[in-house]
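Colleague: Starting off with a structure, shown below.
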Amino acid sequence: MNHKINLSEISIMDFSFDQDHFSVVPGCYLNLNKKIIQNFYQLCSDKSILEMITEENPTSRFTLKNAQRFLEETIEYYNKKHFSFFLIKNEIVGIFMVKDLNPIPEIGYFLKKSYRGKGIGKKYISFMIDLLSKHFDGFDAIVDQNNVPSLKILQSLNFKIIDSKIGKYKLRRLF
């Protein structure tokens with residue numbers, strides 16, 4: 001299976017949910033400017049997202065500079081090590097990431113708090129999985145055991161729990 005994604009296959013895409021219209025923007029197409037960086041920083045300042053960032057790197061504080069560095073790395077690493085897709089509606093409202101482009105890479109995602117609980121996250125995750133499924137053998141996801149909404153979304157998308165340790169579930173979906 002091909003684990004490299006040809007950028008000509010994936011461009012900025014329209015994404016709709018009920019009456020809301022969004023754009024899905026691959027990281028390599030994200031035009032960095034102060035407004036985008038500030039908006040992304042505000043998105044990541046959500047308490048649950050900050051906890052996730054702290055788990056990944058407990059010694060660092062999330063700052064505006066970190067947000068800018070993350071976005072710069074996202075653009076640089078697109079199609080090499082991992083890549084990200086941003087959900088945008090006048091501002092960044094969500095992100096879908098694929099880490100370590102192995103036959104079964106790990107996915108991660110988050111959605112701005114004001115957009116949660118409306119079905120948008122499930123549709124966005126499903127859309128991205130369908131879009132990327134032809135390039136991989138499957139996907140893994142790590143979910144905090146207390147994150148019931150995310151767990152329900154993944155299970156409804158045919159992810160199965162394959163491991164459980166230290167308050168986290170590892171789920172997998174094969175194609």
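Chain labels run A, B, ... following the order of the structure tokens; each chain numbers its residues from 1, and ligands are numbered from 1 in the order shown.
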Using only C-alpha atoms, which protein or nucleic acid residues come within 6 Å of range 27-42 of chain A? Drop anything in the same chain fewer than 6 positions from it, and give the result as a PyMOL selection string.
Modeller: chain A and resi 64+67-68+74-75+84-85
Colleague: Mind the document's chain letters and residue numbers, and return as a PyMOL selection string the residues of range 36-167 of chain A that DSSP labels helix (DSSP H, G or I).
Modeller: chain A and resi 36-44+47-56+64-77+113-115+120-135+148-156
Colleague: Considering only C-alpha atoms, return as a list in words whatever protein or nucleic-acid residues lie within 9 Å of Asp144 in chain A, sequence-local ones (same chain, fewer than 4 positions apart) excluded.
Modeller: Val148, Ser150, Leu151, Gly167, Lys168, Tyr169 and Lys170 of chain A
Colleague: Any chance you can output those residues with C-alpha atoms as a compact mmCIF listing (two decimals), in the first residue's frame?
Modeller:
```
# COMPACT_ATOMS: atom_id res chain seq x y z
CA VAL A 148 -16.38 9.20 26.48
CA SER A 150 -14.33 10.66 21.55
CA LEU A 151 -14.47 6.97 22.44
CA GLY A 167 -6.05 5.52 31.88
CA LYS A 168 -5.92 5.30 28.08
CA TYR A 169 -7.44 3.11 25.40
CA LYS A 170 -5.66 2.25 22.19
```
Colleague: For CA of Gly94 in chain A and CA of Leu111 in chain A, determine how far apart the two atoms are, in Å to one decimal place.
Modeller: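 Taking CA of Gly94 in chain A as the start and CA of Leu111 in chain A as the end point, the length is 4.2 Å.
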Colleague: If you run DSSP on the backbone, which residues of chain A are strand (DSSP E), as a PyMOL selection string?
Modeller: chain A and resi 13-17+20-26+83-88+92-99+106-111+138-144+160-165+168-174
Colleague: So that I can see what lies close to range 95-97 of chain A, please list as a PyMOL selection string the residues with an atom at most 9 Å from it, counting only C-alpha atoms and leaving out residues fewer than 5 positions away in the same chain.
Modeller: chain A and resi 24+82-88+106-111+124-125+128
